[in-house]
Structures are given as C-alpha cells and as structure tokens.
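File shown here: data-v8.tsv, holding TSV, C-alpha atoms and all ligand atoms.
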chain	number	residue	atom	x	y	z
A	1	MET	CA	106.14	101.78	111.75
A	2	ASP	CA	103.76	104.74	111.54
A	3	SER	CA	103.84	107.83	109.37
A	4	VAL	CA	106.03	109.70	111.81
A	5	ASP	CA	108.64	106.94	111.74
A	6	PHE	CA	108.52	106.84	107.96
A	7	ASP	CA	109.25	110.55	107.79
A	8	ALA	CA	112.22	110.00	110.11
A	9	LEU	CA	113.56	107.11	108.05
A	10	GLU	CA	115.42	109.25	105.55
A	11	GLY	CA	117.30	111.04	108.32
A	12	GLN	CA	118.19	107.75	110.00
A	13	ALA	CA	119.49	106.38	106.70
A	14	GLU	CA	121.59	109.48	106.15
A	15	VAL	CA	123.23	109.06	109.55
A	16	LYS	CA	124.05	105.41	108.81
A	17	MET	CA	125.44	105.88	105.28
A	18	LEU	CA	128.92	107.01	104.31
A	19	PRO	CA	128.73	110.60	103.00
A	20	ALA	CA	129.46	109.47	99.43
A	21	SER	CA	126.70	106.82	99.57
A	22	TRP	CA	124.29	109.41	100.91
A	23	ALA	CA	125.18	111.82	98.12
A	24	PHE	CA	124.68	109.05	95.53
A	25	CYS	CA	121.28	108.15	96.98
A	26	ALA	CA	119.78	111.52	97.75
A	27	THR	CA	121.11	113.75	95.08
A	28	GLY	CA	119.30	115.29	92.16
A	29	ALA	CA	120.80	116.94	89.10
A	30	ASP	CA	121.85	120.60	88.98
A	31	ASP	CA	119.67	122.66	91.34
A	32	GLU	CA	117.72	119.60	92.54
A	33	ILE	CA	114.44	121.16	91.48
A	34	SER	CA	112.95	118.01	89.96
A	35	VAL	CA	113.96	115.72	92.79
A	36	ASN	CA	112.08	117.95	95.22
A	37	GLU	CA	109.16	118.83	92.95
A	38	ASN	CA	108.48	115.14	92.30
A	39	ILE	CA	107.49	114.88	95.95
A	40	THR	CA	105.57	118.15	96.25
A	41	ALA	CA	103.66	117.56	93.02
A	42	TRP	CA	101.91	114.49	94.47
A	43	ARG	CA	101.31	116.30	97.74
A	44	ASN	CA	99.79	119.30	95.96
A	45	LEU	CA	97.15	117.20	94.22
A	46	ARG	CA	93.86	117.15	96.08
A	47	LEU	CA	91.64	114.12	96.59
A	48	ARG	CA	87.86	114.18	96.11
A	49	PRO	CA	86.83	111.32	98.41
A	50	ARG	CA	83.61	109.39	97.95
A	51	VAL	CA	81.64	108.82	101.15
A	52	MET	CA	79.24	106.20	102.48
A	53	ARG	CA	80.71	103.25	100.63
A	54	ASP	CA	81.19	99.91	102.32
A	55	VAL	CA	84.96	99.97	102.68
A	56	ASP	CA	85.28	97.15	105.16
A	57	LYS	CA	87.13	95.03	102.65
A	58	VAL	CA	89.62	96.68	100.34
A	59	ASP	CA	91.34	94.80	97.53
A	60	THR	CA	94.69	96.16	96.35
A	61	SER	CA	95.42	93.38	93.89
A	62	VAL	CA	96.42	94.27	90.36
A	63	THR	CA	97.39	92.40	87.22
A	64	VAL	CA	100.72	93.47	85.80
A	65	LEU	CA	101.99	91.99	82.53
A	66	GLY	CA	99.42	89.23	82.97
A	67	GLN	CA	100.50	88.31	86.51
A	68	LYS	CA	98.26	88.98	89.48
A	69	LEU	CA	100.02	90.77	92.35
A	70	SER	CA	98.70	91.56	95.80
A	71	THR	CA	100.04	95.11	95.67
A	72	PRO	CA	100.60	97.80	93.02
A	73	ILE	CA	103.78	98.97	94.79
A	74	MET	CA	107.03	97.88	93.13
A	75	VAL	CA	110.72	98.51	93.78
A	76	ALA	CA	112.37	100.78	91.20
A	77	PRO	CA	115.80	99.92	89.79
A	78	THR	CA	118.53	101.71	91.74
A	79	GLY	CA	122.20	100.89	91.37
A	80	ARG	CA	124.95	99.72	93.73
A	81	HIS	CA	123.20	98.43	96.79
A	82	LYS	CA	126.45	97.34	98.42
A	83	LEU	CA	127.02	101.03	99.06
A	84	PHE	CA	124.05	100.75	101.41
A	85	HIS	CA	124.21	97.23	102.86
A	86	PRO	CA	126.80	94.41	102.71
A	87	GLN	CA	124.24	92.01	101.19
A	88	GLY	CA	123.41	94.50	98.45
A	89	GLU	CA	120.62	93.63	96.02
A	90	ALA	CA	120.18	90.15	97.54
A	91	ALA	CA	118.76	91.84	100.64
A	92	THR	CA	116.61	94.24	98.60
A	93	ALA	CA	115.21	91.39	96.52
A	94	ARG	CA	114.48	89.35	99.66
A	95	GLY	CA	112.64	92.26	101.28
A	96	ALA	CA	110.60	92.95	98.15
A	97	ALA	CA	109.71	89.26	97.81
A	98	ALA	CA	108.59	89.11	101.44
A	99	ALA	CA	106.29	92.08	100.81
A	100	GLY	CA	104.92	90.52	97.61
A	101	ALA	CA	106.32	93.41	95.56
A	102	ALA	CA	107.81	93.20	92.09
A	103	PHE	CA	111.54	94.00	92.12
A	104	VAL	CA	113.47	95.63	89.29
A	105	LEU	CA	117.19	94.80	89.39
A	106	ALA	CA	119.44	97.55	88.02
A	107	SER	CA	122.09	96.91	85.37
A	108	ASN	CA	124.57	98.52	87.73
A	109	SER	CA	124.00	96.07	90.55
A	110	ASN	CA	126.60	94.53	92.84
A	111	ILE	CA	125.06	91.04	93.23
A	112	THR	CA	124.87	88.55	90.39
A	113	ILE	CA	121.66	88.09	88.44
A	114	GLU	CA	121.52	84.45	89.57
A	115	ASP	CA	121.98	85.26	93.27
A	116	VAL	CA	119.19	87.83	93.07
A	117	ALA	CA	116.99	85.28	91.25
A	118	ALA	CA	117.46	82.91	94.19
A	119	GLU	CA	115.57	85.39	96.40
A	120	ARG	CA	112.44	85.38	94.21
A	121	ARG	CA	109.15	84.19	95.65
A	122	ASP	CA	105.72	84.83	94.11
A	123	ALA	CA	106.22	88.38	92.86
A	124	PRO	CA	108.13	88.83	89.61
A	125	GLN	CA	111.64	90.16	89.15
A	126	TRP	CA	112.46	92.33	86.16
A	127	PHE	CA	115.83	93.53	84.87
A	128	GLN	CA	116.60	97.15	84.08
A	129	LEU	CA	118.73	97.42	80.97
A	130	TYR	CA	120.99	100.22	79.91
A	131	TYR	CA	121.50	99.67	76.22
A	132	TRP	CA	125.14	100.04	75.28
A	133	PRO	CA	126.80	99.86	71.87
A	134	GLU	CA	128.11	96.25	71.79
A	135	ARG	CA	125.01	94.40	70.65
A	136	ALA	CA	126.50	90.93	71.18
A	137	GLU	CA	127.07	91.79	74.83
A	138	VAL	CA	123.50	93.03	75.19
A	139	GLU	CA	122.26	89.77	73.65
A	140	ALA	CA	124.34	87.65	76.02
A	141	LEU	CA	123.08	89.66	78.98
A	142	ILE	CA	119.38	89.51	78.12
A	143	ASP	CA	119.56	85.77	77.47
A	144	ARG	CA	121.21	85.32	80.86
A	145	VAL	CA	118.53	87.45	82.51
A	146	ALA	CA	115.73	85.44	80.90
A	147	ALA	CA	117.41	82.14	81.80
A	148	ALA	CA	117.48	83.27	85.43
A	149	GLY	CA	113.71	83.68	85.38
A	150	PHE	CA	113.39	87.46	85.13
A	151	THR	CA	110.14	88.12	83.28
A	152	ALA	CA	110.67	91.56	81.75
A	153	LEU	CA	113.37	93.92	80.56
A	154	VAL	CA	113.05	97.54	81.61
A	155	LEU	CA	114.90	99.65	79.05
A	156	THR	CA	115.89	102.98	80.60
A	157	VAL	CA	115.86	105.69	77.95
A	158	ASP	CA	116.17	108.96	79.84
A	159	ALA	CA	119.91	108.97	80.43
A	160	PRO	CA	121.84	108.48	77.18
A	161	THR	CA	124.44	110.68	78.85
A	162	GLY	CA	124.75	111.45	82.53
A	163	GLY	CA	123.28	114.54	84.09
A	164	TRP	CA	125.42	116.49	86.51
A	165	SER	CA	125.05	116.66	90.25
A	166	PRO	CA	127.43	119.08	91.95
A	167	ARG	CA	126.61	117.53	95.32
A	168	ALA	CA	127.41	113.96	94.22
A	169	ALA	CA	130.42	115.08	92.20
A	170	ARG	CA	131.94	116.57	95.34
A	171	ALA	CA	131.40	113.36	97.30
A	172	GLN	CA	132.59	110.59	94.97
A	173	HIS	CA	132.77	107.10	96.42
A	174	GLU	CA	136.17	105.47	96.07
A	175	PRO	CA	136.22	102.70	93.44
A	176	SER	CA	136.65	99.42	95.33
A	177	PRO	CA	136.98	95.73	94.39
A	178	ASP	CA	134.17	95.05	96.88
A	179	ILE	CA	131.75	97.11	94.83
A	180	LEU	CA	131.68	95.85	91.27
A	181	ASN	CA	129.13	96.36	88.51
A	182	ILE	CA	129.19	92.61	88.64
A	183	ASN	CA	126.74	91.87	85.84
A	184	MET	CA	128.39	94.13	83.29
A	185	PRO	CA	131.00	92.81	80.84
A	186	GLY	CA	134.30	92.62	82.69
A	187	SER	CA	132.59	93.37	86.04
A	188	PRO	CA	134.22	96.80	86.38
A	189	MET	CA	134.52	98.61	89.68
A	190	ALA	CA	131.46	100.80	90.19
A	191	ARG	CA	132.00	104.51	89.66
A	192	THR	CA	129.59	107.36	89.92
A	193	PHE	CA	128.07	108.72	86.72
A	194	TYR	CA	128.73	112.21	88.10
A	195	HIS	CA	132.44	112.15	87.27
A	196	PRO	CA	134.26	114.47	84.85
A	197	ASP	CA	135.47	111.39	82.89
A	198	PHE	CA	131.90	110.71	81.73
A	199	ALA	CA	130.81	114.31	81.14
A	200	GLY	CA	129.14	114.80	77.77
A	201	LYS	CA	129.71	111.19	76.60
A	202	VAL	CA	126.77	109.24	75.22
A	203	ILE	CA	127.21	105.98	77.06
A	204	TYR	CA	123.81	104.39	76.51
A	205	PRO	CA	122.78	105.22	72.94
A	206	ALA	CA	119.32	103.63	72.78
A	207	THR	CA	117.28	105.06	69.90
A	208	TRP	CA	113.95	103.95	68.44
A	209	ASN	CA	115.88	101.52	66.20
A	210	GLU	CA	117.37	99.81	69.24
A	211	LEU	CA	113.95	99.56	70.87
A	212	GLU	CA	112.50	97.89	67.78
A	213	TRP	CA	115.44	95.50	67.66
A	214	LEU	CA	115.22	94.73	71.36
A	215	VAL	CA	111.48	94.00	71.24
A	216	LYS	CA	112.13	91.48	68.42
A	217	ARG	CA	115.21	89.94	70.01
A	218	SER	CA	114.23	89.81	73.66
A	219	PRO	CA	112.91	86.49	74.96
A	220	ILE	CA	110.85	88.42	77.55
A	221	PRO	CA	108.58	91.52	77.32
A	222	VAL	CA	110.25	94.91	77.00
A	223	LEU	CA	109.18	97.94	79.04
A	224	VAL	CA	110.37	101.50	78.45
A	225	LYS	CA	111.35	103.59	81.48
A	226	GLY	CA	111.90	107.32	81.53
A	227	VAL	CA	109.08	108.69	79.39
A	228	LEU	CA	107.47	112.08	80.14
A	229	ARG	CA	105.55	112.79	76.90
A	230	ALA	CA	102.44	111.19	75.48
A	231	ASP	CA	103.88	111.05	71.93
A	232	ASP	CA	106.96	109.14	73.12
A	233	ALA	CA	104.79	106.81	75.18
A	234	VAL	CA	102.50	106.01	72.26
A	235	ARG	CA	105.49	105.49	69.97
A	236	SER	CA	107.08	103.14	72.52
A	237	ALA	CA	103.87	101.12	72.63
A	238	ASP	CA	103.68	101.09	68.83
A	239	CYS	CA	107.25	99.72	68.78
A	240	GLY	CA	106.05	96.84	70.95
A	241	ALA	CA	106.80	97.99	74.50
A	242	ARG	CA	104.37	96.22	76.82
A	243	ALA	CA	104.52	98.94	79.47
A	244	ILE	CA	105.70	102.51	79.86
A	245	ILE	CA	107.23	103.75	83.10
A	246	VAL	CA	106.57	107.47	83.46
A	247	SER	CA	109.73	108.68	85.17
A	248	ASN	CA	112.27	111.49	85.29
A	249	HIS	CA	114.84	109.15	86.87
A	250	GLY	CA	114.12	110.58	90.31
A	251	GLY	CA	115.33	114.00	89.10
A	252	ARG	CA	118.89	112.69	88.76
A	253	HIS	CA	119.76	113.60	85.18
A	254	LEU	CA	117.69	116.37	83.53
A	255	ASP	CA	116.62	118.96	86.07
A	256	THR	CA	113.41	121.04	85.76
A	257	THR	CA	111.44	118.43	83.79
A	258	VAL	CA	107.70	118.23	84.21
A	259	THR	CA	106.90	116.23	87.30
A	260	THR	CA	105.76	112.66	86.91
A	261	ALA	CA	102.53	113.57	88.74
A	262	ALA	CA	101.83	116.14	86.03
A	263	ALA	CA	102.74	113.80	83.15
A	264	VAL	CA	101.10	110.51	84.10
A	265	GLY	CA	97.46	111.39	83.40
A	266	GLU	CA	98.09	112.65	79.89
A	267	ILE	CA	100.28	109.66	79.09
A	268	ALA	CA	97.84	107.07	80.44
A	269	ALA	CA	95.00	108.65	78.45
A	270	ALA	CA	97.04	108.68	75.23
A	271	VAL	CA	98.36	105.13	75.57
A	272	GLY	CA	94.97	103.66	76.46
A	273	ALA	CA	94.93	99.91	76.01
A	274	LYS	CA	98.08	99.80	73.86
A	275	ALA	CA	100.36	99.26	76.87
A	276	GLU	CA	100.38	99.36	80.64
A	277	VAL	CA	101.51	102.55	82.37
A	278	TYR	CA	103.39	102.74	85.67
A	279	VAL	CA	104.92	105.78	87.35
A	280	ASP	CA	107.74	106.61	89.76
A	281	GLY	CA	109.34	109.68	91.33
A	282	GLY	CA	108.57	111.17	94.72
A	283	ILE	CA	106.05	108.56	95.85
A	284	ARG	CA	106.23	108.73	99.65
A	285	ARG	CA	102.67	108.23	100.91
A	286	GLY	CA	99.65	106.01	100.41
A	287	THR	CA	97.78	109.08	99.22
A	288	ASP	CA	100.47	109.62	96.55
A	289	ILE	CA	99.91	106.06	95.35
A	290	LEU	CA	96.14	106.45	95.27
A	291	LYS	CA	96.50	109.66	93.25
A	292	ALA	CA	98.89	108.00	90.78
A	293	LEU	CA	96.56	105.04	90.27
A	294	SER	CA	93.53	107.34	89.95
A	295	LEU	CA	95.29	109.32	87.24
A	296	GLY	CA	95.74	106.15	85.19
A	297	ALA	CA	98.88	104.38	86.39
A	298	ARG	CA	98.47	100.65	86.92
A	299	ALA	CA	101.30	100.48	89.45
A	300	VAL	CA	103.92	102.69	91.09
A	301	LEU	CA	107.62	102.21	91.82
A	302	VAL	CA	109.61	103.56	94.74
A	303	GLY	CA	113.35	104.20	94.60
A	304	ARG	CA	114.91	106.03	97.52
A	305	PRO	CA	112.55	104.82	100.29
A	306	ALA	CA	113.57	101.22	99.57
A	307	ILE	CA	117.22	102.27	99.88
A	308	TRP	CA	116.53	103.90	103.27
A	309	GLY	CA	114.98	100.66	104.50
A	310	LEU	CA	117.86	98.61	103.07
A	311	THR	CA	120.41	100.81	104.80
A	312	ILE	CA	118.75	100.65	108.18
A	313	HIS	CA	117.60	97.02	108.42
A	314	GLY	CA	118.60	95.16	105.24
A	315	ALA	CA	115.87	92.92	103.81
A	316	ALA	CA	113.58	93.50	106.82
A	317	GLY	CA	113.91	97.26	106.31
A	318	VAL	CA	112.91	97.02	102.65
A	319	GLN	CA	109.95	94.85	103.60
A	320	ALA	CA	108.91	97.30	106.34
A	321	VAL	CA	109.01	100.27	103.96
A	322	LEU	CA	106.90	98.48	101.37
A	323	GLU	CA	104.41	97.20	103.92
A	324	HIS	CA	104.11	100.64	105.48
A	325	LEU	CA	103.28	102.17	102.10
A	326	HIS	CA	100.77	99.39	101.54
A	327	VAL	CA	99.03	100.06	104.86
A	328	GLU	CA	98.84	103.73	103.94
A	329	LEU	CA	97.41	102.87	100.52
A	330	VAL	CA	94.68	100.74	102.08
A	331	ARG	CA	93.80	103.53	104.49
A	332	ALA	CA	93.72	106.13	101.71
A	333	MET	CA	91.45	103.86	99.66
A	334	GLN	CA	89.07	103.33	102.58
A	335	LEU	CA	88.92	107.04	103.35
A	336	SER	CA	88.32	107.83	99.68
A	337	GLY	CA	85.64	105.22	99.11
A	338	ALA	CA	87.66	103.15	96.66
A	339	ARG	CA	87.33	99.43	97.38
A	340	THR	CA	89.41	98.21	94.47
A	341	LEU	CA	92.05	99.75	92.28
A	342	ALA	CA	89.50	99.77	89.46
A	343	GLU	CA	87.53	102.21	91.59
A	344	ALA	CA	90.52	104.56	91.70
A	345	THR	CA	89.31	106.68	88.80
A	346	PRO	CA	90.43	110.15	87.61
A	347	ASP	CA	87.50	111.92	89.32
A	348	LEU	CA	89.06	111.06	92.69
A	349	VAL	CA	91.67	113.76	91.97
A	350	ALA	CA	90.72	117.44	91.65
A	351	ARG	CA	91.60	118.99	88.30
B	1	LIG	C1	120.59	105.81	94.02
B	1	LIG	C2	119.74	105.70	92.79
B	1	LIG	C3	120.21	104.97	91.72
B	1	LIG	C4	119.43	104.83	90.58
B	1	LIG	N1	119.89	104.06	89.55
B	1	LIG	C5	119.09	103.84	88.49
B	1	LIG	C6	119.51	102.96	87.46
B	1	LIG	O1	120.60	102.40	87.52
B	1	LIG	N2	118.67	102.77	86.41
B	1	LIG	C7	117.45	103.40	86.33
B	1	LIG	O2	116.70	103.19	85.37
B	1	LIG	N3	117.03	104.23	87.29
B	1	LIG	C8	117.81	104.46	88.37
B	1	LIG	N4	117.37	105.29	89.36
B	1	LIG	C9	116.04	105.92	89.25
B	1	LIG	C10	114.95	105.04	89.88
B	1	LIG	O3	114.72	103.88	89.12
B	1	LIG	C11	113.62	105.78	89.97
B	1	LIG	O4	113.26	106.28	88.71
B	1	LIG	C12	113.63	106.92	90.99
B	1	LIG	O5	114.48	106.63	92.07
B	1	LIG	C13	112.21	107.16	91.50
B	1	LIG	O6	112.16	108.25	92.33
B	1	LIG	P1	112.18	108.14	93.95
B	1	LIG	O7	113.56	107.82	94.35
B	1	LIG	O8	111.78	109.52	94.34
B	1	LIG	O9	111.17	107.10	94.35
B	1	LIG	C14	118.15	105.47	90.50
B	1	LIG	C15	117.69	106.19	91.60
B	1	LIG	C16	118.46	106.32	92.74
B	1	LIG	C17	117.91	107.08	93.90
Rendering of file as structure tokens:
Amino acid sequence: MDSVDFDALEGQAEVKMLPASWAFCATGADDEISVNENITAWRNLRLRPRVMRDVDKVDTSVTVLGQKLSTPIMVAPTGRHKLFHPQGEAATARGAAAAGAAFVLASNSNITIEDVAAERRDAPQWFQLYYWPERAEVEALIDRVAAAGFTALVLTVDAPTGGWSPRAARAQHEPSPDILNINMPGSPMARTFYHPDFAGKVIYPATWNELEWLVKRSPIPVLVKGVLRADDAVRSADCGARAIIVSNHGGRHLDTTVTTAAAVGEIAAAVGAKAEVYVDGGIRRGTDILKALSLGARAVLVGRPAIWGLTIHGAAGVQAVLEHLHVELVRAMQLSGARTLAEATPDLVAR
C-alpha cells in the first residue's frame, strides 16, 4: 500500500459498510468541526528537519508502561467491530498483534474479553473502561480483564453523557442479537449513543473520586483517556494514573474543542515525568506521528483508520494500515534526521 492507496481506503470502507455503520464510524458531533480539525491541525504543523545525519538505521522502538514495543503506533478503543466485520474485535486484535501494535479493547465490544485475549502476541492489550454506577459490576469486570492478561485499564473520562451527531442519529443501526455489548452486564444489544433515549443522561459518571478508587482497586495500571487540559492531566497523574491519553474522542462528543495537536505539547510539558502521555485524533500520516512524538507524546493511537482496514480486509487490513503508518513514520524520521524517537524533540516542529 502506498500513500495514494491509504487516502483511498476511507472511500473503499464507506462503500463496503452499511450506511448506519458508516455513520457510526465517520461521524463527529454537531457540526463535525473537531473531527475535521483534528486532521488539519496535524497537517498544518510544519517540520524543521535536521540534515546530514546518518539515517541509514532508524529505531522506532519505545517503552510504554515498562514494556518495550517495536512501534509507537497503537490501536485506539472503538466500539462494535461486528458492525464492520463478522469477526469483530478478534480480527482487529489479530491484525494489531501481527503488526506488533498495542491494542485497546473497548468496553462496548462485540467479542468476549477472553476471545480477544487469545489473539495476543508480544504487544500488550489494554481494556478501555467506561465507569458506570454499579461499583460491584465494575469490580467484577476489571478483575476479569486482569485475569485475561490485559495489562492496563484505560478510563475514558470525556463522555459522561453522549454528544449529539445529527448524521449518526439519522442513520441508526438496528439493534440485533448478533451485535451485543457482550462484555457488559447482561450483554445488551448494542445501540448507538446518538439516540434520543440517552439524550442528556449521565451514563458514565466518573469523577475524581472514582479515579482515586479505581487506581487503588485495580489490579493493573490505570490510564486516563480524554484529557485536553494540562491541569486535568497533572491531577490525573497525581491521582495515580500511569498515563494520560490526550484525546477529544475523535470529535464525537463535544464539538469545537481544542485540537489534540494543539493540546499535546502543553500537557506533556506540564506532566513531565509524573506519567506517560499519548495522543489520538486525526493521525493519518507518518509525519503526523513524528509531530506528535516531537511535541512530547510517547505514543499515538489511531481509531478510524484501523476500522477502515478491518472493514476491507479483516485482520490483514488492520495489519496493513498499521504497517503503512509505520513505514511512513520511518520515512518521516529519516527525512527529518531523527534516528530514534528520543531524537524527536520539540524543535523539530515550528512554533
Ligand atoms: C466508531 C468509533 C467508536 C469509538 N468508541 C469509543 C469507545 O467506545 N471508547 C472510547 O474511549 N473511545 C471511543 N472512540 C474514540 C477513539 O478511541 C479515539 O479517541 C478516536 O477515534 C481517535 O481519532 P481518529 O479516529 O481520528 O484516529 C471511538 C471512535 C470511533 C471512530
């Protein structure tokens, strides 16, 4: 796959998906300003390449939560993969594992935690948690996740209530016994968040108290996803979060937020050594990844591109998307004179 094919991938995925699945995947909240700006914000940053370095050998390895990985590219948690491929998250996990990429399984997944765990190879799997009010159920879930070998919990904090997407609301997928939120209590049929039944309801009421409790109770490290401010990031780290994921949920809930490209540098500087910092939202190119890492992120996550790959070729499609991004990252590093990720420093990006 080359860059031209990668650009075409989204269109190919759209053609292959049912209209409701496409709306669920592609949509952003309200006027879809953030979903689009996430992409343009990375593209509008300018690189300041270093020349005349020996870039014959480039090393993209990174240590994340104490584990060495060959790539800083990870798969973001996105729900309901059976809307995109019959093998659902099992295929996504297999593709990520084949590419050596960490995989974050969403709470709202359609394949069991244990069946996803069976796809693990060397790269870690983490579990994205939506905190909901019945604490005993949360405890049972996180113990099950840890028993299945997942090595971190990713607590999503940017969607206590759902945003609103007119586009997705108009194209609801039909609830079906084939598409269950299978890891949730009672394994309910999956429904879109963008439904009038949910409007205005606080479904996932995680506050700072819950974070403190979770950090104490969880058998595995807790990460906080959905932070856009340095003060919240520092407070998360002070509560014991081992990493912060700078994210606006792919522009799906609150529209017109700051872009993640604009937020990541300030957050990484404020957090310093207290926690690791990763970023997602609109990462589509190796140059985007190099910019994110230069601004202080340790790793990046991709959401929609992995879904496009899943839709088109299942596990092999996910692997191809991740490997394509990796090839682009290597090329961007070589052309910018950065031989290791440690050499991706803030001065590589123009202020
Ligand atoms: C279809 C879809 C479903 C998502 N579901 C979740 C979810 O269940 N939990 C979560 O924390 N983030 C969810 N996200 C957000 C992603 O984890 C990630 O923040 C976002 O997709 C990154 O932006 P990108 O798609 O531009 O790469 C979802 C994103 C998409 C596209």
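In terms of minimum interatomic distance to A:Glu89, A:Ala117 ranks closest within A:Ala169, A:Ala117, A:Met333, A:Met17, counting all atoms listed in the file.
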- Kindly extract all protein, DNA and RNA residues lying within 10 Å of the coordinates (107.9, 93.8, 108.2) given in the file, considering all atoms listed in the file, and supply them as a list in words. Met1, Gly95, Ala98, Ala99, Ala315, Ala316, Gly317, Val318, Gln319, Ala320, Val321, Leu322, Glu323 and His324 of chain A
Please report as a tab-separated table every residue of chain A lying within 7 Å of ligand LIG 1 (chain B), along with the nearest atom pair and their distance in Å (one decimal), using only C-alpha atoms and all ligand atoms.
residue	atom	partner	partner_atom	distance
A:Phe24	CA	B:LIG1	C1	5.4
A:Cys25	CA	B:LIG1	C1	3.8
A:Ala26	CA	B:LIG1	C17	6.2
A:Val35	CA	B:LIG1	O8	6.8
A:Asn38	CA	B:LIG1	O8	6.8
A:Ala76	CA	B:LIG1	O3	4.4
A:Pro77	CA	B:LIG1	O3	4.2
A:Thr78	CA	B:LIG1	C4	3.4
A:Gly79	CA	B:LIG1	N1	4.3
A:Ala106	CA	B:LIG1	O1	5.0
A:Ser107	CA	B:LIG1	O1	6.1
A:Asn108	CA	B:LIG1	O1	5.6
A:Gln128	CA	B:LIG1	O2	6.2
A:Thr156	CA	B:LIG1	O2	4.8
A:Lys225	CA	B:LIG1	O2	6.6
A:Ser247	CA	B:LIG1	O4	5.5
A:Asn248	CA	B:LIG1	O4	6.3
A:His249	CA	B:LIG1	O4	3.8
A:Gly250	CA	B:LIG1	O6	3.7
A:Asp280	CA	B:LIG1	C13	4.8
A:Gly281	CA	B:LIG1	O6	3.3
A:Gly282	CA	B:LIG1	O8	3.6
A:Ile283	CA	B:LIG1	O9	5.5
A:Leu301	CA	B:LIG1	O9	6.6
A:Val302	CA	B:LIG1	O9	3.9
A:Gly303	CA	B:LIG1	O7	3.6
A:Arg304	CA	B:LIG1	O7	3.9
A:Pro305	CA	B:LIG1	O9	6.5
- Message: Please report the interatomic distance between atom CA of A:Asp54 and atom CA of A:Ala338 in Å with one decimal.
- Response: 9.2 Å
- Which polymer residues have any atom within 10 Å of an atom of A:Glu32, counting all atoms listed in the file, with same-chain residues fewer than 4 positions away left out, as a ChimeraX atom specification? /A:26-28,36-37,165-167,250-256
- Residue contacts of A:Gly296 (8 Å, all atoms listed in the file) excluding same-chain residues fewer than 2 positions away, as a list in words: Val264, Gly265, Ala268, Ala269, Val277, Ala292, Leu293, Ser294, Arg298, Thr345 and Pro346 of chain A
- Item | Spatial neighbours of stretch 62-66 of chain A, 10 Å, all atoms listed in the file, chain gap at least 5 places, as a list in words | Thr71, Pro72, Ile73, Ala102, Pro124, Thr151, Ala152, Pro221, Leu223, Arg242, Ala243, Ala275, Glu276, Val277, Tyr278, Arg298, Ala299, Thr340, Leu341 and Ala342 of chain A
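Taking atom CA of A:Leu45 as the reference point, atom CA of A:Thr260 is found at 12.2 Å.
When all atoms listed in the file are used to measure the gap to A:Leu83, the shortest distance among A:Leu18, A:Leu329, A:Ala136, A:Ile111 belongs to A:Leu18.
When only C-alpha atoms are used to compute distances to A:Asp347, the closest of the residues A:Asp158, A:Thr92, A:His81, A:Arg48 turns out to be A:Arg48.
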- Query: atom CA of A:Val58 and atom CA of A:Asp122 are how many Å apart?
  - Reply: 20.9 Å
Quick one: residues within 12 Å of (101.5, 121.1, 91.5) (file frame), counting only C-alpha atoms, please, as a PDB file with C-alpha atoms, in the frame of the given file.
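Resulting contents of part_1.pdb:
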ATOM      1  CA  SER A  34     112.950 118.010  89.960  1.00  0.00           C
ATOM      2  CA  ASN A  36     112.080 117.950  95.220  1.00  0.00           C
ATOM      3  CA  GLU A  37     109.160 118.830  92.950  1.00  0.00           C
ATOM      4  CA  ASN A  38     108.480 115.140  92.300  1.00  0.00           C
ATOM      5  CA  ILE A  39     107.490 114.880  95.950  1.00  0.00           C
ATOM      6  CA  THR A  40     105.570 118.150  96.250  1.00  0.00           C
ATOM      7  CA  ALA A  41     103.660 117.560  93.020  1.00  0.00           C
ATOM      8  CA  TRP A  42     101.910 114.490  94.470  1.00  0.00           C
ATOM      9  CA  ARG A  43     101.310 116.300  97.740  1.00  0.00           C
ATOM     10  CA  ASN A  44      99.790 119.300  95.960  1.00  0.00           C
ATOM     11  CA  LEU A  45      97.150 117.200  94.220  1.00  0.00           C
ATOM     12  CA  ARG A  46      93.860 117.150  96.080  1.00  0.00           C
ATOM     13  CA  VAL A 258     107.700 118.230  84.210  1.00  0.00           C
ATOM     14  CA  THR A 259     106.900 116.230  87.300  1.00  0.00           C
ATOM     15  CA  THR A 260     105.760 112.660  86.910  1.00  0.00           C
ATOM     16  CA  ALA A 261     102.530 113.570  88.740  1.00  0.00           C
ATOM     17  CA  ALA A 262     101.830 116.140  86.030  1.00  0.00           C
ATOM     18  CA  ALA A 263     102.740 113.800  83.150  1.00  0.00           C
ATOM     19  CA  ALA A 350      90.720 117.440  91.650  1.00  0.00           C
ATOM     20  CA  ARG A 351      91.600 118.990  88.300  1.00  0.00           C
TER      21      ARG A 351
END
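With all atoms listed in the file as the basis for measurement, A:Ala168 is the residue among A:Val104, A:Ala270, A:Ala344, A:Ala168 that approaches A:Asp31 most closely.
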For A:Ala93: contacts at 8 Å, only C-alpha atoms, fewer than 2 positions along chain excluded, given as a PDB file with C-alpha atoms, in the frame of the given file:
ATOM      1  CA  GLU A  89     120.620  93.630  96.020  1.00  0.00           C
ATOM      2  CA  ALA A  90     120.180  90.150  97.540  1.00  0.00           C
ATOM      3  CA  ALA A  91     118.760  91.840 100.640  1.00  0.00           C
ATOM      4  CA  GLY A  95     112.640  92.260 101.280  1.00  0.00           C
ATOM      5  CA  ALA A  96     110.600  92.950  98.150  1.00  0.00           C
ATOM      6  CA  ALA A  97     109.710  89.260  97.810  1.00  0.00           C
ATOM      7  CA  PHE A 103     111.540  94.000  92.120  1.00  0.00           C
ATOM      8  CA  VAL A 116     119.190  87.830  93.070  1.00  0.00           C
ATOM      9  CA  GLU A 119     115.570  85.390  96.400  1.00  0.00           C
ATOM     10  CA  ARG A 120     112.440  85.380  94.210  1.00  0.00           C
ATOM     11  CA  ALA A 315     115.870  92.920 103.810  1.00  0.00           C
TER      12      ALA A 315
END
- From the list A:Leu9, A:Pro19, A:Val51, A:Ile244, which residue is nearest A:Glu174 when using only C-alpha atoms? A:Pro19
